[in-house]
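Below is target-v3.cif, which holds mmCIF, C-alpha atoms and all ligand atoms.
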data_start
#
loop_
_atom_site.group_PDB
_atom_site.id
_atom_site.type_symbol
_atom_site.label_atom_id
_atom_site.label_comp_id
_atom_site.auth_asym_id
_atom_site.auth_seq_id
_atom_site.Cartn_x
_atom_site.Cartn_y
_atom_site.Cartn_z
ATOM 1 C CA MET A 82 0.000 0.000 0.000
ATOM 2 C CA ALA A 83 1.334 3.416 -0.942
ATOM 3 C CA LYS A 84 2.053 5.598 2.059
ATOM 4 C CA GLU A 85 -0.427 8.398 2.617
ATOM 5 C CA ARG A 86 1.102 11.834 2.097
ATOM 6 C CA ILE A 87 1.792 14.060 5.072
ATOM 7 C CA VAL A 88 -0.310 17.222 4.886
ATOM 8 C CA ILE A 89 1.299 20.639 5.311
ATOM 9 C CA TYR A 90 -1.515 22.894 6.518
ATOM 10 C CA ASN A 91 -1.815 26.554 5.491
ATOM 11 C CA GLU A 92 -2.632 29.433 7.852
ATOM 12 C CA SER A 93 -6.385 29.348 7.356
ATOM 13 C CA GLU A 94 -6.495 25.585 7.855
ATOM 14 C CA ILE A 95 -4.306 25.956 10.942
ATOM 15 C CA ALA A 96 -6.777 28.494 12.349
ATOM 16 C CA GLY A 97 -9.493 25.860 11.941
ATOM 17 C CA ILE A 98 -7.389 23.145 13.575
ATOM 18 C CA ARG A 99 -6.562 25.525 16.459
ATOM 19 C CA ALA A 100 -10.266 26.030 17.114
ATOM 20 C CA ALA A 101 -10.980 22.282 17.043
ATOM 21 C CA ALA A 102 -8.008 21.590 19.328
ATOM 22 C CA GLN A 103 -9.224 24.211 21.809
ATOM 23 C CA ALA A 104 -12.693 22.634 21.776
ATOM 24 C CA ALA A 105 -11.147 19.220 22.516
ATOM 25 C CA ALA A 106 -8.968 20.722 25.269
ATOM 26 C CA GLN A 107 -11.954 22.410 26.873
ATOM 27 C CA VAL A 108 -13.984 19.191 26.838
ATOM 28 C CA LEU A 109 -11.071 17.207 28.301
ATOM 29 C CA ALA A 110 -10.579 19.752 31.109
ATOM 30 C CA ARG A 111 -14.276 19.824 31.978
ATOM 31 C CA THR A 112 -14.532 16.028 31.865
ATOM 32 C CA CYS A 113 -11.451 15.572 34.071
ATOM 33 C CA ALA A 114 -12.971 17.998 36.583
ATOM 34 C CA ALA A 115 -16.194 15.956 36.612
ATOM 35 C CA VAL A 116 -14.527 12.623 37.433
ATOM 36 C CA ARG A 117 -15.225 11.437 40.972
ATOM 37 C CA PRO A 118 -15.594 8.132 42.779
ATOM 38 C CA GLY A 119 -19.120 6.721 42.599
ATOM 39 C CA LEU A 120 -19.855 7.836 39.043
ATOM 40 C CA SER A 121 -19.984 5.208 36.314
ATOM 41 C CA THR A 122 -17.819 5.445 33.230
ATOM 42 C CA LYS A 123 -21.093 5.824 31.282
ATOM 43 C CA ASP A 124 -21.942 8.878 33.422
ATOM 44 C CA ILE A 125 -18.569 10.329 32.393
ATOM 45 C CA ASP A 126 -19.204 9.543 28.733
ATOM 46 C CA ASP A 127 -22.644 11.212 28.913
ATOM 47 C CA LEU A 128 -21.163 14.309 30.548
ATOM 48 C CA ALA A 129 -18.401 14.479 27.939
ATOM 49 C CA GLY A 130 -21.032 14.157 25.228
ATOM 50 C CA SER A 131 -22.892 17.184 26.568
ATOM 51 C CA PHE A 132 -19.658 19.176 26.926
ATOM 52 C CA ILE A 133 -18.842 18.329 23.294
ATOM 53 C CA ARG A 134 -22.290 19.514 22.153
ATOM 54 C CA GLU A 135 -21.801 22.779 24.079
ATOM 55 C CA THR A 136 -18.723 23.525 21.950
ATOM 56 C CA GLY A 137 -20.854 23.233 18.820
ATOM 57 C CA GLY A 138 -18.777 20.275 17.662
ATOM 58 C CA LYS A 139 -19.370 16.553 17.715
ATOM 59 C CA SER A 140 -17.465 13.494 18.848
ATOM 60 C CA ALA A 141 -14.961 12.283 16.271
ATOM 61 C CA SER A 142 -14.689 8.958 18.119
ATOM 62 C CA LEU A 143 -18.411 8.062 18.048
ATOM 63 C CA GLY A 144 -18.968 5.770 15.068
ATOM 64 C CA TYR A 145 -15.278 5.617 14.188
ATOM 65 C CA HIS A 146 -14.978 2.013 12.935
ATOM 66 C CA GLY A 147 -18.185 1.519 14.918
ATOM 67 C CA TYR A 148 -16.834 2.878 18.219
ATOM 68 C CA PRO A 149 -19.903 3.320 20.490
ATOM 69 C CA GLY A 150 -18.783 6.039 22.952
ATOM 70 C CA GLN A 151 -18.445 9.827 22.902
ATOM 71 C CA ILE A 152 -14.924 9.580 24.347
ATOM 72 C CA CYS A 153 -12.641 6.776 25.549
ATOM 73 C CA ILE A 154 -12.482 6.068 29.299
ATOM 74 C CA SER A 155 -9.883 3.545 30.426
ATOM 75 C CA ILE A 156 -9.374 2.556 34.068
ATOM 76 C CA ASN A 157 -6.181 1.295 35.783
ATOM 77 C CA GLU A 158 -4.744 -1.581 33.654
ATOM 78 C CA GLU A 159 -6.869 -0.454 30.714
ATOM 79 C CA VAL A 160 -4.564 1.390 28.327
ATOM 80 C CA VAL A 161 -6.913 3.064 25.819
ATOM 81 C CA HIS A 162 -10.266 2.707 24.006
ATOM 82 C CA GLY A 163 -12.294 1.795 27.112
ATOM 83 C CA ILE A 164 -16.050 2.269 26.523
ATOM 84 C CA GLY A 165 -18.223 3.985 29.143
ATOM 85 C CA ARG A 166 -20.441 1.432 30.898
ATOM 86 C CA PRO A 167 -23.206 1.949 33.487
ATOM 87 C CA GLN A 168 -21.939 -0.969 35.624
ATOM 88 C CA ARG A 169 -18.361 0.277 35.758
ATOM 89 C CA ILE A 170 -18.210 2.450 38.873
ATOM 90 C CA ILE A 171 -15.146 4.619 39.437
ATOM 91 C CA ALA A 172 -13.445 3.959 42.775
ATOM 92 C CA GLU A 173 -11.314 6.238 44.935
ATOM 93 C CA GLY A 174 -7.715 6.042 43.713
ATOM 94 C CA ASP A 175 -8.541 4.650 40.262
ATOM 95 C CA LEU A 176 -6.376 5.805 37.374
ATOM 96 C CA VAL A 177 -8.773 7.269 34.832
ATOM 97 C CA SER A 178 -7.544 7.861 31.282
ATOM 98 C CA LEU A 179 -9.755 10.152 29.209
ATOM 99 C CA ASP A 180 -9.269 10.526 25.453
ATOM 100 C CA VAL A 181 -11.320 13.272 23.801
ATOM 101 C CA CYS A 182 -11.534 13.721 20.047
ATOM 102 C CA VAL A 183 -13.778 16.503 18.709
ATOM 103 C CA LYS A 184 -14.788 17.351 15.160
ATOM 104 C CA TYR A 185 -15.383 21.098 14.931
ATOM 105 C CA ARG A 186 -16.182 23.005 11.731
ATOM 106 C CA GLY A 187 -14.389 20.516 9.510
ATOM 107 C CA TYR A 188 -11.298 19.975 11.653
ATOM 108 C CA VAL A 189 -10.371 17.537 14.410
ATOM 109 C CA GLY A 190 -8.960 18.170 17.885
ATOM 110 C CA ASP A 191 -7.524 15.234 19.861
ATOM 111 C CA ASN A 192 -6.081 15.054 23.372
ATOM 112 C CA ALA A 193 -5.880 12.732 26.352
ATOM 113 C CA ARG A 194 -4.850 12.691 30.003
ATOM 114 C CA THR A 195 -4.741 10.266 32.918
ATOM 115 C CA ILE A 196 -5.863 11.437 36.348
ATOM 116 C CA ILE A 197 -6.429 9.880 39.760
ATOM 117 C CA ALA A 198 -10.050 9.717 40.916
ATOM 118 C CA GLY A 199 -10.596 11.280 44.333
ATOM 119 C CA SER A 200 -7.621 11.775 46.614
ATOM 120 C CA SER A 201 -4.271 10.929 45.058
ATOM 121 C CA ALA A 202 -3.148 9.514 48.418
ATOM 122 C CA SER A 203 -5.569 6.627 47.824
ATOM 123 C CA ALA A 204 -3.989 5.631 44.486
ATOM 124 C CA PRO A 205 -1.938 2.422 44.307
ATOM 125 C CA GLU A 206 1.775 2.483 45.037
ATOM 126 C CA GLY A 207 3.669 4.019 42.136
ATOM 127 C CA ALA A 208 0.617 5.413 40.354
ATOM 128 C CA GLN A 209 1.587 9.047 40.753
ATOM 129 C CA ARG A 210 5.101 8.349 39.473
ATOM 130 C CA LEU A 211 3.680 6.581 36.402
ATOM 131 C CA LEU A 212 1.552 9.658 35.630
ATOM 132 C CA THR A 213 4.470 12.040 36.155
ATOM 133 C CA VAL A 214 6.820 10.023 33.949
ATOM 134 C CA THR A 215 4.244 9.587 31.166
ATOM 135 C CA SER A 216 3.489 13.298 31.078
ATOM 136 C CA GLU A 217 7.233 14.047 31.102
ATOM 137 C CA ALA A 218 7.672 11.615 28.194
ATOM 138 C CA LEU A 219 5.037 13.589 26.278
ATOM 139 C CA GLN A 220 6.802 16.872 27.094
ATOM 140 C CA ALA A 221 10.123 15.415 25.920
ATOM 141 C CA GLY A 222 8.481 14.313 22.684
ATOM 142 C CA ILE A 223 7.046 17.800 22.162
ATOM 143 C CA ALA A 224 10.454 19.390 22.833
ATOM 144 C CA ALA A 225 11.962 17.178 20.099
ATOM 145 C CA ALA A 226 9.204 18.102 17.619
ATOM 146 C CA ARG A 227 11.090 20.819 15.763
ATOM 147 C CA ALA A 228 11.340 21.507 12.048
ATOM 148 C CA GLY A 229 14.351 19.709 10.595
ATOM 149 C CA ASN A 230 14.183 16.904 13.162
ATOM 150 C CA CYS A 231 12.456 13.693 12.154
ATOM 151 C CA VAL A 232 9.654 11.608 13.647
ATOM 152 C CA ASN A 233 12.277 9.334 15.195
ATOM 153 C CA ASP A 234 13.562 12.227 17.316
ATOM 154 C CA ILE A 235 10.114 12.468 18.911
ATOM 155 C CA SER A 236 9.876 8.677 19.284
ATOM 156 C CA SER A 237 13.330 8.375 20.860
ATOM 157 C CA ALA A 238 12.714 11.189 23.318
ATOM 158 C CA VAL A 239 9.478 9.589 24.523
ATOM 159 C CA GLU A 240 10.966 6.099 24.713
ATOM 160 C CA GLN A 241 14.030 7.243 26.595
ATOM 161 C CA ILE A 242 12.058 8.843 29.435
ATOM 162 C CA ALA A 243 9.792 5.797 29.795
ATOM 163 C CA THR A 244 12.501 3.140 29.683
ATOM 164 C CA ALA A 245 14.851 5.102 31.978
ATOM 165 C CA ALA A 246 12.041 4.982 34.555
ATOM 166 C CA GLY A 247 11.775 1.195 34.118
ATOM 167 C CA TYR A 248 8.396 1.256 32.415
ATOM 168 C CA GLY A 249 7.061 -0.533 29.349
ATOM 169 C CA VAL A 250 6.253 1.414 26.184
ATOM 170 C CA VAL A 251 3.122 0.254 24.364
ATOM 171 C CA ARG A 252 4.120 -0.431 20.760
ATOM 172 C CA ASP A 253 0.861 -1.657 19.264
ATOM 173 C CA LEU A 254 -0.646 1.848 19.218
ATOM 174 C CA VAL A 255 0.964 5.046 17.977
ATOM 175 C CA GLY A 256 0.480 8.802 17.636
ATOM 176 C CA HIS A 257 -0.532 10.257 14.296
ATOM 177 C CA GLY A 258 -1.077 13.248 12.080
ATOM 178 C CA CYS A 259 -4.396 14.976 12.805
ATOM 179 C CA GLY A 260 -6.057 17.901 11.050
ATOM 180 C CA LYS A 261 -8.943 17.317 8.658
ATOM 181 C CA ASN A 262 -9.176 13.702 9.852
ATOM 182 C CA MET A 263 -8.557 12.047 13.202
ATOM 183 C CA HIS A 264 -5.847 9.759 11.872
ATOM 184 C CA GLU A 265 -3.523 11.051 9.176
ATOM 185 C CA ALA A 266 0.073 10.340 8.189
ATOM 186 C CA PRO A 267 2.631 10.095 9.633
ATOM 187 C CA GLU A 268 2.530 7.501 12.385
ATOM 188 C CA VAL A 269 4.281 8.757 15.524
ATOM 189 C CA PRO A 270 5.451 5.703 17.501
ATOM 190 C CA ASN A 271 6.582 5.986 21.114
ATOM 191 C CA TYR A 272 9.723 3.942 20.387
ATOM 192 C CA ARG A 273 12.590 4.432 17.988
ATOM 193 C CA GLN A 274 12.049 2.802 14.588
ATOM 194 C CA PRO A 275 14.732 1.281 12.392
ATOM 195 C CA GLY A 276 15.634 3.258 9.298
ATOM 196 C CA ARG A 277 14.598 6.694 8.172
ATOM 197 C CA THR A 278 11.441 8.437 9.333
ATOM 198 C CA PRO A 279 9.768 11.544 7.893
ATOM 199 C CA ILE A 280 11.383 14.962 8.395
ATOM 200 C CA LEU A 281 9.287 17.436 10.383
ATOM 201 C CA ARG A 282 8.269 20.565 8.491
ATOM 202 C CA PRO A 283 6.341 23.703 9.524
ATOM 203 C CA GLY A 284 2.611 23.215 8.990
ATOM 204 C CA MET A 285 2.536 19.554 10.016
ATOM 205 C CA VAL A 286 0.047 18.768 12.792
ATOM 206 C CA LEU A 287 0.825 15.760 14.970
ATOM 207 C CA CYS A 288 -0.678 13.985 17.946
ATOM 208 C CA ILE A 289 2.006 12.702 20.292
ATOM 209 C CA GLU A 290 0.506 10.198 22.727
ATOM 210 C CA PRO A 291 2.686 8.022 24.924
ATOM 211 C CA MET A 292 0.907 4.988 26.391
ATOM 212 C CA ILE A 293 3.118 3.696 29.179
ATOM 213 C CA ASN A 294 2.657 0.626 31.403
ATOM 214 C CA ALA A 295 4.132 0.138 34.865
ATOM 215 C CA GLY A 296 5.027 -3.407 33.724
ATOM 216 C CA THR A 297 5.786 -4.588 30.209
ATOM 217 C CA GLY A 298 4.480 -2.776 27.136
ATOM 218 C CA ARG A 299 2.552 -5.832 25.924
ATOM 219 C CA VAL A 300 -1.182 -5.333 25.504
ATOM 220 C CA VAL A 301 -4.283 -7.421 24.797
ATOM 221 C CA ILE A 302 -7.675 -6.440 23.366
ATOM 222 C CA ASP A 303 -10.859 -7.299 25.257
ATOM 223 C CA ARG A 304 -12.484 -10.370 23.702
ATOM 224 C CA GLN A 305 -16.007 -9.216 24.504
ATOM 225 C CA ASP A 306 -16.114 -5.601 23.358
ATOM 226 C CA ASN A 307 -13.215 -5.838 20.885
ATOM 227 C CA TRP A 308 -12.114 -2.314 21.847
ATOM 228 C CA THR A 309 -10.683 -2.053 25.339
ATOM 229 C CA VAL A 310 -6.890 -2.375 25.260
ATOM 230 C CA ARG A 311 -5.321 -3.663 28.502
ATOM 231 C CA SER A 312 -1.791 -4.270 29.669
ATOM 232 C CA ALA A 313 -1.132 -7.999 29.210
ATOM 233 C CA ASP A 314 0.375 -8.255 32.705
ATOM 234 C CA GLN A 315 -2.484 -6.238 34.286
ATOM 235 C CA SER A 316 -0.066 -3.495 35.320
ATOM 236 C CA LEU A 317 -1.265 0.109 35.596
ATOM 237 C CA SER A 318 -1.177 2.185 32.440
ATOM 238 C CA ALA A 319 -1.115 5.910 31.663
ATOM 239 C CA HIS A 320 -1.848 7.926 28.505
ATOM 240 C CA PHE A 321 -1.125 11.595 27.784
ATOM 241 C CA GLU A 322 -1.754 13.189 24.406
ATOM 242 C CA HIS A 323 -1.307 16.635 22.896
ATOM 243 C CA GLN A 324 -1.923 17.810 19.360
ATOM 244 C CA ILE A 325 0.912 20.030 18.178
ATOM 245 C CA LEU A 326 1.828 22.221 15.226
ATOM 246 C CA ILE A 327 5.352 22.094 13.813
ATOM 247 C CA THR A 328 6.617 25.679 13.402
ATOM 248 C CA ASP A 329 9.911 27.388 12.562
ATOM 249 C CA THR A 330 10.740 27.410 16.253
ATOM 250 C CA GLN A 331 9.357 25.269 19.074
ATOM 251 C CA ALA A 332 6.146 23.353 18.474
ATOM 252 C CA GLU A 333 2.853 25.042 19.321
ATOM 253 C CA ILE A 334 0.734 22.915 21.660
ATOM 254 C CA LEU A 335 -2.675 23.291 20.042
ATOM 255 C CA THR A 336 -4.490 21.462 22.852
ATOM 256 C CA TRP A 337 -2.999 23.678 25.577
ATOM 257 C CA LEU A 338 -6.202 25.180 26.999
ATOM 258 C CA LYS A 339 -6.269 28.948 26.583
ATOM 259 C CA THR A 340 -9.626 29.804 28.116
ATOM 260 C CA ALA A 341 -11.302 27.972 30.962
HETATM 261 N N1 LIG A 401 -8.698 9.569 20.086
HETATM 262 C C1 LIG A 401 -7.938 8.367 19.878
HETATM 263 C C2 LIG A 401 -6.532 8.737 19.451
HETATM 264 O O1 LIG A 401 -5.877 9.325 20.239
HETATM 265 C C3 LIG A 401 -8.599 7.452 18.931
HETATM 266 C C4 LIG A 401 -9.886 6.972 19.434
HETATM 267 S S1 LIG A 401 -10.407 5.760 18.371
HETATM 268 C C5 LIG A 401 -11.929 5.381 18.908
HETATM 269 O O2 LIG A 401 -6.063 8.499 18.376
HETATM 270 F F1 LIG A 401 -12.509 4.716 18.004
HETATM 271 F F2 LIG A 401 -11.815 4.720 20.015
HETATM 272 F F3 LIG A 401 -12.563 6.482 19.177
HETATM 273 CO CO CO A 402 -4.727 10.439 19.071
#
For this file, produce the structure as structure tokens.
Amino acid sequence: MAKERIVIYNESEIAGIRAAAQAAAQVLARTCAAVRPGLSTKDIDDLAGSFIRETGGKSASLGYHGYPGQICISINEEVVHGIGRPQRIIAEGDLVSLDVCVKYRGYVGDNARTIIAGSSASAPEGAQRLLTVTSEALQAGIAAARAGNCVNDISSAVEQIATAAGYGVVRDLVGHGCGKNMHEAPEVPNYRQPGRTPILRPGMVLCIEPMINAGTGRVVIDRQDNWTVRSADQSLSAHFEHQILITDTQAEILTWLKTA
């Protein structure tokens, strides 16, 4: 299969992507703030759905290859793509990963974050460190996302932070281009690839999204729902994602929330 071309967006397209990214960032922030023990993951999905509607956009995840939720909600050893369910009640100290993808006026915003439900003191041993390291891995990836560098510079930076901490990098899922569509070229793996990878140029829009497990990086897909990805060894998992624009200088973090 021929490789899809990497889109270089122009200023007016970038303005549209900025607006979609801000909508996604706002929904993620509001949804994170709504998470508390006792709510079901379906409650969270419903809330996120109403926050998405309030932006004037719609969920880009709903219906994507048949995905049934407004957002993805993944708890503890669940890595990504967890579906909100009425029977799944959030407990104090749970690690809750929220992935919000919004389609807004023809463009897509995509971002994700893992938080601790309730008091962080109640989280399992090592949970806070896993969150800190995964978010630092994302920041390192963003710092490496400069014009003239290549995708592998991002991948290496992410991988290095995660492996230095003794964690497992998930390799079965990767970051991606994201502008007019949720998933565009290039792939942005969280581990160094052999050979050459695409050069980063101003106008490229990328989602960098480390998925890091406290144990090994191996994952399995739920046999019932065919969506939920879990760590194979049941270890805790974290996921942080930003959508960024490659510029002449440092990358612009499009999903950095500007207004509350
Ligand atoms: N938003 C996810 C990403 O970061 C993709 C979600 S796919 C879905 O790429 F089908 F689960 F929505
Ligand atoms: Co993404």
Given only C-alpha atoms, how would the per-residue table for range 108-193 of chain A near range 308-321 of chain A read, listing every residue at most 8 Å away with its closest atom pair and distance in Å to one decimal, sorted by chain and number, as a tab-separated table?
residue	atom	partner	partner_atom	distance
A:Tyr148	CA	A:Trp308	CA	7.9
A:Ser155	CA	A:Thr309	CA	7.6
A:Asn157	CA	A:Leu317	CA	5.1
A:Glu158	CA	A:Leu317	CA	4.3
A:Glu159	CA	A:Arg311	CA	4.2
A:Val160	CA	A:Arg311	CA	5.1
A:Val161	CA	A:Val310	CA	5.5
A:His162	CA	A:Thr309	CA	5.0
A:Gly163	CA	A:Thr309	CA	4.5
A:Ile164	CA	A:Thr309	CA	7.0
A:Leu176	CA	A:Ala319	CA	7.8
A:Ser178	CA	A:His320	CA	6.3
A:Asn192	CA	A:Phe321	CA	7.5
A:Ala193	CA	A:Phe321	CA	5.1
Q: Name the closest residue to ligand LIG 401 (chain A) among the candidates A:Leu211, A:Ile170, A:Leu143, A:Ile87; distances are taken between atoms, counting all atoms listed in the file.
A: A:Leu143
(Q) As a quick test: using only C-alpha atoms and all ligand atoms, which residues lie no more than 6 Å away from ligand LIG 401 (chain A)? Give them as a ChimeraX atom specification. (A) /A:142,145,148,153,162,180-182,191
For C-alpha atoms, I'd like the residues from the last selection saved as a PDB file, keeping the file's coordinate frame.
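Output below, filename part-v4.pdb:
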ATOM      1  CA  SER A 142     -14.689   8.958  18.119  1.00  0.00           C
ATOM      2  CA  TYR A 145     -15.278   5.617  14.188  1.00  0.00           C
ATOM      3  CA  TYR A 148     -16.834   2.878  18.219  1.00  0.00           C
ATOM      4  CA  CYS A 153     -12.641   6.776  25.549  1.00  0.00           C
ATOM      5  CA  HIS A 162     -10.266   2.707  24.006  1.00  0.00           C
ATOM      6  CA  ASP A 180      -9.269  10.526  25.453  1.00  0.00           C
ATOM      7  CA  VAL A 181     -11.320  13.272  23.801  1.00  0.00           C
ATOM      8  CA  CYS A 182     -11.534  13.721  20.047  1.00  0.00           C
ATOM      9  CA  ASP A 191      -7.524  15.234  19.861  1.00  0.00           C
TER      10      ASP A 191
END
Kindly work out which residues sit at most 7 Å from ligand CO 402 (chain A), using only C-alpha atoms and all ligand atoms, and give the list as a PDB file with C-alpha atoms, in the coordinates of the input.
ATOM      1  CA  ASP A 191      -7.524  15.234  19.861  1.00  0.00           C
ATOM      2  CA  ASN A 192      -6.081  15.054  23.372  1.00  0.00           C
ATOM      3  CA  GLY A 256       0.480   8.802  17.636  1.00  0.00           C
ATOM      4  CA  HIS A 257      -0.532  10.257  14.296  1.00  0.00           C
ATOM      5  CA  CYS A 288      -0.678  13.985  17.946  1.00  0.00           C
ATOM      6  CA  GLU A 290       0.506  10.198  22.727  1.00  0.00           C
ATOM      7  CA  GLU A 322      -1.754  13.189  24.406  1.00  0.00           C
TER       8      GLU A 322
END
Q.
I'd like the contact shell of Gln274 in chain A - 8 Å cut-off, all atoms listed in the file, skipping same-chain residues fewer than 4 positions apart - returned as a PyMOL selection string.
A. chain A and resi 233+236+270+278
Q: Between CA of Lys123 in chain A and CA of Ala102 in chain A, measure the distance and give it in Å to one decimal.
A: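 So the two atoms, CA of Lys123 in chain A and CA of Ala102 in chain A, lie 23.7 Å apart.
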Q. Interatomic distance between CA of Ala105 in chain A and CA of Glu135 in chain A?
A.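 Separation between CA of Ala105 in chain A and CA of Glu135 in chain A: 11.3 Å.
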Q: Between A:Leu179, A:Ala208, A:Ala129, A:Ile280, single out the one closest to Tyr248 in chain A, counting only C-alpha atoms.
A: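 Of all the options, A:Ala208 lies closest to Tyr248 in chain A.
Ranking A:Ile95, A:Ile289, A:Ala106, A:Leu326 by their shortest atom-to-atom distance to Gly187 in chain A, with all atoms listed in the file included, puts A:Ile95 first.
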Q. Can you list what the PyMOL selection byres (((chain A and resi 220) around 12) and not hetatm) grabs from this structure, as a PyMOL selection string?
A. chain A and resi 213-219+221-226+235-236+238-240+242-243+289-291+321-325+331-334
Q | Residues in the PyMOL selection byres (((chain A and resi 92) around 12) and not hetatm), expressed as a count of residues only | A | 15
Could you work out an axis-aligned box for range 137-153 of chain A, taking every atom the file lists and adding 8 Å on each side, and report centre and edge lengths in Å to one decimal, as lines of an AutoDock Vina configuration file?
center_x = -16.7
center_y = 12.4
center_z = 19.2
size_x = 24.2
size_y = 37.7
size_z = 28.6
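Take CA of Val300 in chain A and CA of Ile152 in chain A: the distance between them is 20.3 Å.
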(Q) Ranking A:Arg273, A:Arg194, A:Arg252, A:Arg227 by minimum distance to Cys113 in chain A and counting all atoms listed in the file, which one comes first? (A)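 Smallest distance to Cys113 in chain A is found for A:Arg194.
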Q) Excluding same-chain residues fewer than 6 positions from Ser140 in chain A, what lies within 7 Å of it counting all atoms listed in the file, as a list in words? A) Ile133, Gln151, Cys182, Val183 and Lys184 of chain A
**Q.** Shell of 12 Å around Ser203 in chain A, all atoms listed in the file, local chain residues under 2 positions omitted, as a PyMOL selection string
**A.** chain A and resi 118+172-176+197-201+205-209
Q.
Counting only C-alpha atoms, which residue out of A:Val251, A:Asn271, A:Met263, A:Thr336 sits closest to Val301 in chain A?
A. A:Val251
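The closest residue to Gly229 in chain A, picked from A:Gly137, A:Gly130, A:Gly190, A:Pro279 and counting all atoms listed in the file, is A:Pro279.
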